[in-house]
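Undergrad: Contents of final.cif (mmCIF, C-alpha atoms) are given next:
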data_target
#
loop_
_atom_site.label_atom_id
_atom_site.label_comp_id
_atom_site.auth_asym_id
_atom_site.auth_seq_id
_atom_site.Cartn_x
_atom_site.Cartn_y
_atom_site.Cartn_z
CA MET A 9 0.00 0.00 0.00
CA CYS A 10 1.37 3.41 -0.98
CA PRO A 11 1.83 5.89 1.84
CA ASP A 12 -0.29 9.05 1.72
CA TYR A 13 2.75 11.27 2.01
CA GLU A 14 5.87 12.00 -0.02
CA ILE A 15 9.32 12.89 1.22
CA SER A 16 12.38 14.22 -0.54
CA ILE A 17 15.69 15.68 0.54
CA PRO A 18 16.26 18.57 -1.87
CA HIS A 19 19.16 20.10 0.07
CA PHE A 20 21.72 18.95 2.61
CA TYR A 21 20.04 21.18 5.18
CA CYS A 22 16.37 20.25 4.89
CA LEU A 23 13.79 17.55 4.26
CA GLU A 24 10.61 18.24 2.31
CA TYR A 25 7.43 16.55 3.54
CA ARG A 26 4.28 16.62 1.40
CA GLU A 27 0.85 15.40 2.44
CA GLY A 28 -2.69 16.27 1.32
CA GLY A 29 -1.55 19.09 -0.96
CA ARG A 30 0.50 20.71 1.79
CA THR A 31 4.26 20.99 2.05
CA MET A 32 6.48 21.34 5.09
CA LEU A 33 10.23 21.89 5.27
CA LEU A 34 11.93 20.23 8.23
CA GLU A 35 15.26 21.80 9.04
CA ILE A 36 17.56 18.80 9.32
CA ASP A 37 21.29 19.18 8.70
CA PHE A 38 22.18 15.94 6.96
CA ARG A 39 25.90 16.67 7.39
CA ASP A 40 25.53 15.91 11.11
CA SER A 41 26.73 12.56 12.38
CA VAL A 42 23.47 12.02 14.27
CA ILE A 43 20.02 13.13 13.12
CA TYR A 44 17.66 13.93 15.98
CA LEU A 45 13.95 13.92 15.24
CA ASP A 46 11.76 15.82 17.66
CA ASP A 47 8.66 17.97 17.49
CA THR A 48 10.66 21.21 17.28
CA LEU A 49 11.38 20.24 13.65
CA VAL A 50 7.67 20.29 12.78
CA MET A 51 7.10 24.03 12.69
CA ALA A 52 4.59 25.07 10.04
CA TRP A 53 3.19 24.21 6.64
CA GLU A 54 4.43 26.28 3.75
CA ALA A 55 2.14 28.92 2.19
CA PRO A 56 -0.80 29.01 1.70
CA HIS A 57 -1.27 26.76 4.76
CA THR A 58 1.15 28.60 7.04
CA GLY A 59 -1.45 29.55 9.63
CA GLU A 60 -2.84 26.05 10.16
CA THR A 61 -2.41 24.70 13.66
CA ILE A 62 -0.47 21.46 13.92
CA ALA A 63 -1.68 19.39 16.84
CA ALA A 64 0.70 17.23 18.88
CA ALA A 65 -0.78 14.04 17.39
CA GLU A 66 -0.25 15.37 13.86
CA LYS A 67 3.35 16.29 14.69
CA LYS A 68 3.92 12.78 15.97
CA ARG A 69 2.41 11.22 12.85
CA ILE A 70 4.63 13.38 10.62
CA LEU A 71 7.73 12.46 12.61
CA ASP A 72 6.75 8.78 12.54
CA ASN A 73 6.52 9.02 8.75
CA VAL A 74 9.86 10.80 8.49
CA TYR A 75 11.51 8.18 10.71
CA GLU A 76 9.96 5.40 8.63
CA TYR A 77 11.23 6.99 5.44
CA LEU A 78 14.74 7.72 6.65
CA VAL A 79 15.40 4.49 8.50
CA ARG A 80 13.29 1.78 6.86
CA GLU A 81 13.14 3.10 3.30
CA ARG A 82 16.45 4.89 2.89
CA GLY A 83 18.70 3.11 5.34
CA PHE A 84 19.88 6.06 7.40
CA LYS A 85 21.84 4.61 10.29
CA ASN A 86 22.12 7.61 12.54
CA VAL A 87 18.60 8.68 13.43
CA GLU A 88 17.44 9.19 17.01
CA TYR A 89 13.73 9.52 17.62
CA ALA A 90 11.50 9.00 20.66
CA GLY A 91 14.01 6.78 22.40
CA HIS A 92 14.80 4.78 19.27
CA LYS A 93 18.19 4.87 17.60
CA SER A 94 18.64 3.39 14.14
CA VAL A 95 21.73 1.26 13.61
CA MET B 12 21.45 44.73 -52.29
CA PHE B 13 21.93 40.98 -51.88
CA GLY B 14 19.59 38.46 -53.43
CA PHE B 15 18.63 35.13 -51.88
CA ALA B 16 21.83 33.45 -53.13
CA GLY B 17 23.93 36.32 -51.77
CA THR B 18 22.32 36.03 -48.33
CA LYS B 19 22.96 32.29 -48.26
CA SER B 20 26.57 32.87 -49.24
CA LEU B 21 27.04 35.48 -46.52
CA LYS B 22 25.54 33.13 -43.92
CA PHE B 23 27.88 30.35 -45.00
CA TRP B 24 31.02 32.47 -44.76
CA GLY B 25 29.86 33.98 -41.47
CA LEU B 26 29.42 30.51 -40.01
CA ALA B 27 32.74 29.33 -41.40
CA LEU B 28 34.56 32.33 -39.89
CA ALA B 29 32.87 31.78 -36.53
CA LEU B 30 33.96 28.12 -36.51
CA VAL B 31 37.56 29.08 -37.32
CA PHE B 32 37.64 31.56 -34.41
CA MET B 33 35.97 29.14 -32.01
CA THR B 34 38.55 26.43 -32.66
CA ALA B 35 41.57 28.75 -32.82
CA LEU B 36 40.98 30.86 -29.72
CA PRO B 37 41.56 29.48 -26.20
CA LEU B 38 38.52 29.05 -24.00
CA PRO B 39 37.89 31.88 -21.57
CA ALA B 40 39.08 31.10 -18.04
CA ALA B 41 35.56 30.86 -16.67
CA THR B 42 34.68 28.15 -19.17
CA ALA B 43 37.97 26.31 -18.85
CA GLY B 44 37.61 26.29 -15.09
CA GLU B 45 34.07 24.96 -15.03
CA LEU B 46 33.21 22.37 -12.45
CA PRO B 47 33.43 18.72 -13.45
CA VAL B 48 30.34 16.97 -14.64
CA PRO B 49 29.43 14.01 -12.44
CA PRO B 50 29.12 10.66 -14.20
CA VAL B 51 25.66 9.43 -15.13
CA SER B 52 26.36 6.24 -13.23
CA VAL B 53 29.15 4.68 -11.24
CA GLY B 54 29.70 0.99 -10.70
CA THR B 55 29.52 0.48 -6.95
CA ASN B 56 28.90 2.52 -3.84
CA GLN B 57 32.60 2.41 -3.11
CA GLU B 58 33.49 3.73 -6.57
CA ALA B 59 30.87 6.45 -6.19
CA LEU B 60 32.27 7.42 -2.80
CA GLU B 61 35.79 7.61 -4.18
CA TYR B 62 34.56 9.71 -7.09
CA TYR B 63 32.76 12.20 -4.86
CA LEU B 64 35.55 12.37 -2.29
CA ASP B 65 37.89 13.23 -5.15
CA LEU B 66 35.41 15.72 -6.59
CA VAL B 67 34.96 17.48 -3.27
CA GLU B 68 38.68 18.30 -3.18
CA LYS B 69 38.29 20.22 -6.44
CA LEU B 70 35.21 22.25 -5.61
CA ASP B 71 35.65 25.95 -5.04
CA VAL B 72 34.45 26.94 -1.58
CA THR B 73 36.61 30.03 -1.23
CA THR B 74 35.30 33.24 0.25
CA ALA B 75 36.90 36.64 0.58
CA ILE B 76 38.54 37.65 3.88
CA GLY B 77 35.98 38.23 6.61
CA LYS B 78 33.11 36.88 4.52
CA SER B 79 32.58 33.32 5.81
CA VAL B 80 29.39 32.49 7.68
CA PHE B 81 28.78 29.21 9.55
CA TYR B 82 25.62 27.85 11.12
CA SER B 83 24.34 24.85 13.00
CA GLY B 84 21.26 24.09 15.05
CA GLN B 85 17.55 24.57 14.70
CA GLY B 86 16.52 27.85 13.06
CA ASN B 87 20.06 29.04 12.43
CA ARG B 88 20.37 28.33 8.71
CA LYS B 89 17.72 30.88 7.78
CA LEU B 90 19.23 33.49 10.08
CA ALA B 91 22.68 32.84 8.63
CA GLU B 92 21.41 33.12 5.07
CA GLN B 93 19.55 36.37 5.77
CA PHE B 94 22.65 37.79 7.48
CA ALA B 95 24.90 36.70 4.61
CA ILE B 96 22.67 38.33 2.00
CA ALA B 97 22.27 41.55 3.99
CA GLU B 98 25.96 41.86 4.90
CA ASP B 99 27.49 40.65 1.62
CA LYS B 100 28.87 37.51 3.19
CA THR B 101 28.71 33.83 2.23
CA THR B 102 27.42 30.56 3.65
CA LEU B 103 28.75 27.23 2.41
CA GLU B 104 25.85 26.63 0.05
CA MET B 105 26.32 30.10 -1.45
CA THR B 106 29.84 29.23 -2.67
CA ALA B 107 30.17 27.83 -6.19
CA GLY B 108 31.33 24.46 -4.86
CA GLY B 109 28.69 24.26 -2.15
CA LYS B 110 25.93 25.06 -4.60
CA PHE B 111 27.29 22.55 -7.09
CA LEU B 112 27.35 19.74 -4.52
CA ASP B 113 23.96 20.71 -3.10
CA ASP B 114 22.42 20.56 -6.58
CA LEU B 115 23.56 16.92 -6.87
CA LYS B 116 21.08 16.01 -4.08
CA LEU B 117 23.36 13.36 -2.64
CA PHE B 118 20.97 12.61 0.25
CA ASP B 119 17.87 12.23 -1.90
CA GLN B 120 16.36 9.08 -3.36
CA GLY B 121 18.37 7.89 -6.36
CA SER B 122 21.68 9.17 -5.03
CA PRO B 123 24.63 6.96 -5.95
CA LEU B 124 25.81 7.25 -2.34
CA LYS B 125 24.55 5.64 0.84
CA PRO B 126 23.42 8.26 3.39
CA GLU B 127 26.51 7.78 5.56
CA GLN B 128 28.72 8.17 2.49
CA ALA B 129 26.96 11.40 1.51
CA THR B 130 27.51 12.63 5.08
CA ARG B 131 31.21 11.88 4.69
CA VAL B 132 31.42 13.83 1.42
CA TRP B 133 29.58 16.82 2.86
CA SER B 134 31.60 16.69 6.05
CA ARG B 135 34.79 16.98 4.01
CA LEU B 136 33.42 19.94 2.03
CA SER B 137 32.46 21.63 5.31
CA GLN B 138 35.97 21.02 6.62
CA ARG B 139 37.45 22.59 3.48
CA TYR B 140 35.13 25.56 3.91
CA ALA B 141 36.52 26.10 7.42
CA GLU B 142 40.09 25.55 6.21
CA GLN B 143 39.84 28.34 3.64
CA ALA B 144 38.19 30.88 5.96
CA ALA B 145 40.23 33.99 6.69
CA GLY B 146 39.69 37.08 8.81
CA ASP B 147 36.71 37.33 11.12
CA VAL B 148 34.11 34.58 10.81
CA PHE B 149 30.45 34.80 11.70
CA CYS B 150 28.65 31.88 13.32
CA PHE B 151 25.00 31.19 14.00
CA VAL B 152 25.37 28.29 16.38
CA THR B 153 23.21 28.90 19.41
CA GLY B 154 21.67 25.54 20.23
CA ALA B 155 24.14 23.63 18.06
CA ARG B 156 24.44 20.01 19.13
CA PRO B 157 27.75 18.47 20.22
CA THR B 158 27.39 15.87 17.46
CA GLY B 159 26.71 18.48 14.76
CA VAL B 160 29.04 19.18 11.88
CA PHE B 161 29.91 22.62 13.24
CA THR B 162 31.06 21.29 16.63
CA THR B 163 32.82 18.19 15.35
CA VAL B 164 34.28 19.35 12.04
CA GLU B 165 34.11 23.08 11.32
CA LEU B 166 34.93 24.52 14.75
CA PRO B 167 38.06 22.38 15.29
CA GLU B 168 39.23 23.39 11.81
CA LEU B 169 38.55 27.07 12.48
CA LYS B 170 40.54 26.85 15.71
CA LYS B 171 43.49 25.36 13.82
CA ASN B 172 43.23 27.92 11.04
CA ARG B 173 45.76 30.67 11.71
CA LYS B 174 44.24 32.92 9.07
CA VAL B 175 41.06 33.23 11.13
CA GLY B 176 40.67 36.31 13.32
CA ALA B 177 37.72 36.65 15.68
CA MET B 178 34.87 34.18 15.69
CA TYR B 179 31.57 35.87 16.38
CA ASN B 180 28.49 34.00 17.52
CA VAL B 181 26.21 36.36 15.68
CA SER B 182 23.01 34.84 17.02
CA ARG B 183 24.07 36.06 20.45
CA LEU B 184 25.03 39.62 19.47
#
Taking this structure as input, can you express it in the form of structure tokens?
TA:
Amino acid sequence: MCPDYEISIPHFYCLEYREGGRTMLLEIDFRDSVIYLDDTLVMAWEAPHTGETIAAAEKKRILDNVYEYLVRERGFKNVEYAGHKSV
Amino acid sequence: MFGFAGTKSLKFWGLALALVFMTALPLPAATAGELPVPPVSVGTNQEALEYYLDLVEKLDVTTAIGKSVFYSGQGNRKLAEQFAIAEDKTTLEMTAGGKFLDDLKLFDQGSPLKPEQATRVWSRLSQRYAEQAAGDVFCFVTGARPTGVFTTVELPELKKNRKVGAMYNVSRL
């Protein structure tokens, strides 16, 4: 089953998350030896959805998806998230 | 003055002359010094890594004296970029080499490198960026993590670099 989101890494300093016609840029520096995922990364949707509130559960779902993509799909070995560390 | 045949003849000789000049004259420095084109494909991950580690040594990340800007930590990239634009300074990705490598999207799907290999390539470019810095440097590093590239790679290199003057944590000014 295809996920209902898309992720790309257009620059070394950010990850682009797209879902339901909305786009969010998560500021992750991929040069770092460890990538920490936490809810401070999930700031706001890009325009025209900038003002939309992002509830804690939605932030968690987005981060779960990002972790899934980075670790399971792409094989990143240095991601720390919610007590998990990929190896 | 010229008929159809005359126009055709003029076009021919114009083209011929242009070709003679193009082959006889040396390429301008900017063209001759263009960045290498990455291969369409490389055999193995290891070959790709070797190619990009070699490439990264040739990329131009130089900045003028007192123009280098560094950043690390949440929210600092945007601040650094705004500062660099406003103050006529440069972040890594604003250098020719940094932009070139960034455009290759080495962390994205379809990259010839594994993520940890791409990290290694970028880490080396960041190190070179710190090696070439001269004069005062400007850092946006409040909240930078101890495992981040600034703390582990760029800062140690800046400290070793005798051309570097003062290091300002601009986000604290």
Undergrad: Residues of chain A within 10 Å of chain B, using all atoms listed in the file, as a list in words?
TA: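 Listing them in order of chain and number gives Ile15, Ser16, Ile17, Pro18, His19, Phe20, Tyr21, Cys22, Leu23, Leu34, Glu35, Ile36, Asp37, Phe38, Arg39, Asp40, Ser41, Val42, Ile43, Tyr44, Thr48, Leu49, Leu78, Glu81, Arg82, Gly83, Phe84, Lys85 and Asn86 of chain A.
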Undergrad: Limited to C-alpha atoms, could you put the picked residues into a file as a PDB file, in the frame of the given file?
TA:
ATOM      1  CA  ILE A  15       9.320  12.890   1.220  1.00  0.00           C
ATOM      2  CA  SER A  16      12.380  14.220  -0.540  1.00  0.00           C
ATOM      3  CA  ILE A  17      15.690  15.680   0.540  1.00  0.00           C
ATOM      4  CA  PRO A  18      16.260  18.570  -1.870  1.00  0.00           C
ATOM      5  CA  HIS A  19      19.160  20.100   0.070  1.00  0.00           C
ATOM      6  CA  PHE A  20      21.720  18.950   2.610  1.00  0.00           C
ATOM      7  CA  TYR A  21      20.040  21.180   5.180  1.00  0.00           C
ATOM      8  CA  CYS A  22      16.370  20.250   4.890  1.00  0.00           C
ATOM      9  CA  LEU A  23      13.790  17.550   4.260  1.00  0.00           C
ATOM     10  CA  LEU A  34      11.930  20.230   8.230  1.00  0.00           C
ATOM     11  CA  GLU A  35      15.260  21.800   9.040  1.00  0.00           C
ATOM     12  CA  ILE A  36      17.560  18.800   9.320  1.00  0.00           C
ATOM     13  CA  ASP A  37      21.290  19.180   8.700  1.00  0.00           C
ATOM     14  CA  PHE A  38      22.180  15.940   6.960  1.00  0.00           C
ATOM     15  CA  ARG A  39      25.900  16.670   7.390  1.00  0.00           C
ATOM     16  CA  ASP A  40      25.530  15.910  11.110  1.00  0.00           C
ATOM     17  CA  SER A  41      26.730  12.560  12.380  1.00  0.00           C
ATOM     18  CA  VAL A  42      23.470  12.020  14.270  1.00  0.00           C
ATOM     19  CA  ILE A  43      20.020  13.130  13.120  1.00  0.00           C
ATOM     20  CA  TYR A  44      17.660  13.930  15.980  1.00  0.00           C
ATOM     21  CA  THR A  48      10.660  21.210  17.280  1.00  0.00           C
ATOM     22  CA  LEU A  49      11.380  20.240  13.650  1.00  0.00           C
ATOM     23  CA  LEU A  78      14.740   7.720   6.650  1.00  0.00           C
ATOM     24  CA  GLU A  81      13.140   3.100   3.300  1.00  0.00           C
ATOM     25  CA  ARG A  82      16.450   4.890   2.890  1.00  0.00           C
ATOM     26  CA  GLY A  83      18.700   3.110   5.340  1.00  0.00           C
ATOM     27  CA  PHE A  84      19.880   6.060   7.400  1.00  0.00           C
ATOM     28  CA  LYS A  85      21.840   4.610  10.290  1.00  0.00           C
ATOM     29  CA  ASN A  86      22.120   7.610  12.540  1.00  0.00           C
TER      30      ASN A  86
END
Undergrad: Extract, using all atoms listed in the file, all DNA, RNA and protein residues at most 12 Å from Ala75 of chain B, discarding same-chain residues fewer than 5 positions from it, and format them as a VMD selection string.
TA: chain B and resid 80 99 to 102 106 140 143 to 148 174 to 175
Undergrad: Between A:Val74, A:Ile62, A:Val79, A:Met32, which residue has the minimum interatomic distance to Leu45 of chain A, considering all atoms listed in the file?
TA: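 Using all atoms listed in the file, the shortest distance to Leu45 of chain A belongs to A:Val74.
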Undergrad: For Tyr63 of chain B, list every protein, DNA or RNA residue within 9 Å, evaluated using all atoms listed in the file, and leave out those in the same chain fewer than 4 positions away; present the list as a ChimeraX atom specification.
TA: /B:49,58-59,67-68,124,129,132
Undergrad: Given the point (5.2, 18.3, 15.7) in the file's coordinates, find the residues that have an atom at most 8 Å from it, counting all atoms listed in the file, and give them as a PyMOL selection string.
TA: chain A and resi 46-51+62-68+70-71
Undergrad: Any chance you could model N, CA and C atoms for segment 42-71 of chain A and send them as a compact mmCIF listing (two decimals), in the coordinates of the input?
TA:
# COMPACT_ATOMS: atom_id res chain seq x y z
N VAL A 42 24.70 12.59 13.71
CA VAL A 42 23.47 12.02 14.27
C VAL A 42 22.30 12.94 13.90
N ILE A 43 21.21 12.35 13.45
CA ILE A 43 20.02 13.13 13.12
C ILE A 43 18.99 12.93 14.23
N TYR A 44 18.63 14.00 14.89
CA TYR A 44 17.66 13.93 15.98
C TYR A 44 16.30 14.39 15.45
N LEU A 45 15.31 13.54 15.63
CA LEU A 45 13.95 13.92 15.24
C LEU A 45 13.17 14.26 16.50
N ASP A 46 12.66 15.47 16.56
CA ASP A 46 11.76 15.82 17.66
C ASP A 46 10.77 16.86 17.17
N ASP A 47 9.77 17.14 18.00
CA ASP A 47 8.66 17.97 17.49
C ASP A 47 9.04 19.42 17.22
N THR A 48 10.25 19.84 17.63
CA THR A 48 10.66 21.21 17.28
C THR A 48 10.94 21.34 15.78
N LEU A 49 11.14 20.20 15.11
CA LEU A 49 11.38 20.24 13.65
C LEU A 49 10.10 20.53 12.88
N VAL A 50 8.96 20.15 13.48
CA VAL A 50 7.67 20.29 12.78
C VAL A 50 7.09 21.66 13.13
N MET A 51 7.44 22.65 12.34
CA MET A 51 7.10 24.03 12.69
C MET A 51 5.80 24.50 12.05
N ALA A 52 5.77 24.51 10.73
CA ALA A 52 4.59 25.07 10.04
C ALA A 52 4.56 24.56 8.60
N TRP A 53 3.33 24.51 8.05
CA TRP A 53 3.19 24.21 6.64
C TRP A 53 3.63 25.43 5.83
N GLU A 54 4.09 25.18 4.64
CA GLU A 54 4.43 26.28 3.75
C GLU A 54 3.15 26.97 3.26
N ALA A 55 3.28 28.17 2.74
CA ALA A 55 2.14 28.92 2.19
C ALA A 55 1.46 28.08 1.09
N PRO A 56 0.13 28.12 1.01
CA PRO A 56 -0.80 29.01 1.70
C PRO A 56 -1.38 28.41 2.98
N HIS A 57 -0.72 27.43 3.56
CA HIS A 57 -1.27 26.76 4.76
C HIS A 57 -0.50 27.14 6.03
N THR A 58 0.24 28.22 5.95
CA THR A 58 1.15 28.60 7.04
C THR A 58 0.44 28.73 8.39
N GLY A 59 -0.76 29.27 8.38
CA GLY A 59 -1.45 29.55 9.63
C GLY A 59 -2.12 28.35 10.28
N GLU A 60 -2.12 27.21 9.61
CA GLU A 60 -2.84 26.05 10.16
C GLU A 60 -2.15 25.51 11.41
N THR A 61 -2.95 25.24 12.42
CA THR A 61 -2.41 24.70 13.66
C THR A 61 -2.02 23.24 13.45
N ILE A 62 -0.91 22.86 14.03
CA ILE A 62 -0.47 21.46 13.92
C ILE A 62 -0.53 20.86 15.33
N ALA A 63 -1.50 19.99 15.52
CA ALA A 63 -1.68 19.39 16.84
C ALA A 63 -0.55 18.42 17.15
N ALA A 64 -0.40 18.12 18.44
CA ALA A 64 0.70 17.23 18.88
C ALA A 64 0.61 15.87 18.18
N ALA A 65 -0.62 15.36 18.03
CA ALA A 65 -0.78 14.04 17.39
C ALA A 65 -0.35 14.09 15.92
N GLU A 66 -0.64 15.22 15.27
CA GLU A 66 -0.25 15.37 13.86
C GLU A 66 1.28 15.47 13.74
N LYS A 67 1.88 16.19 14.68
CA LYS A 67 3.35 16.29 14.69
C LYS A 67 3.98 14.91 14.84
N LYS A 68 3.39 14.12 15.74
CA LYS A 68 3.92 12.78 15.97
C LYS A 68 3.79 11.91 14.72
N ARG A 69 2.62 12.02 14.06
CA ARG A 69 2.41 11.22 12.85
C ARG A 69 3.43 11.62 11.76
N ILE A 70 3.66 12.91 11.62
CA ILE A 70 4.63 13.38 10.62
C ILE A 70 6.03 12.84 10.94
N LEU A 71 6.38 12.95 12.22
CA LEU A 71 7.73 12.46 12.61
C LEU A 71 7.84 10.94 12.46
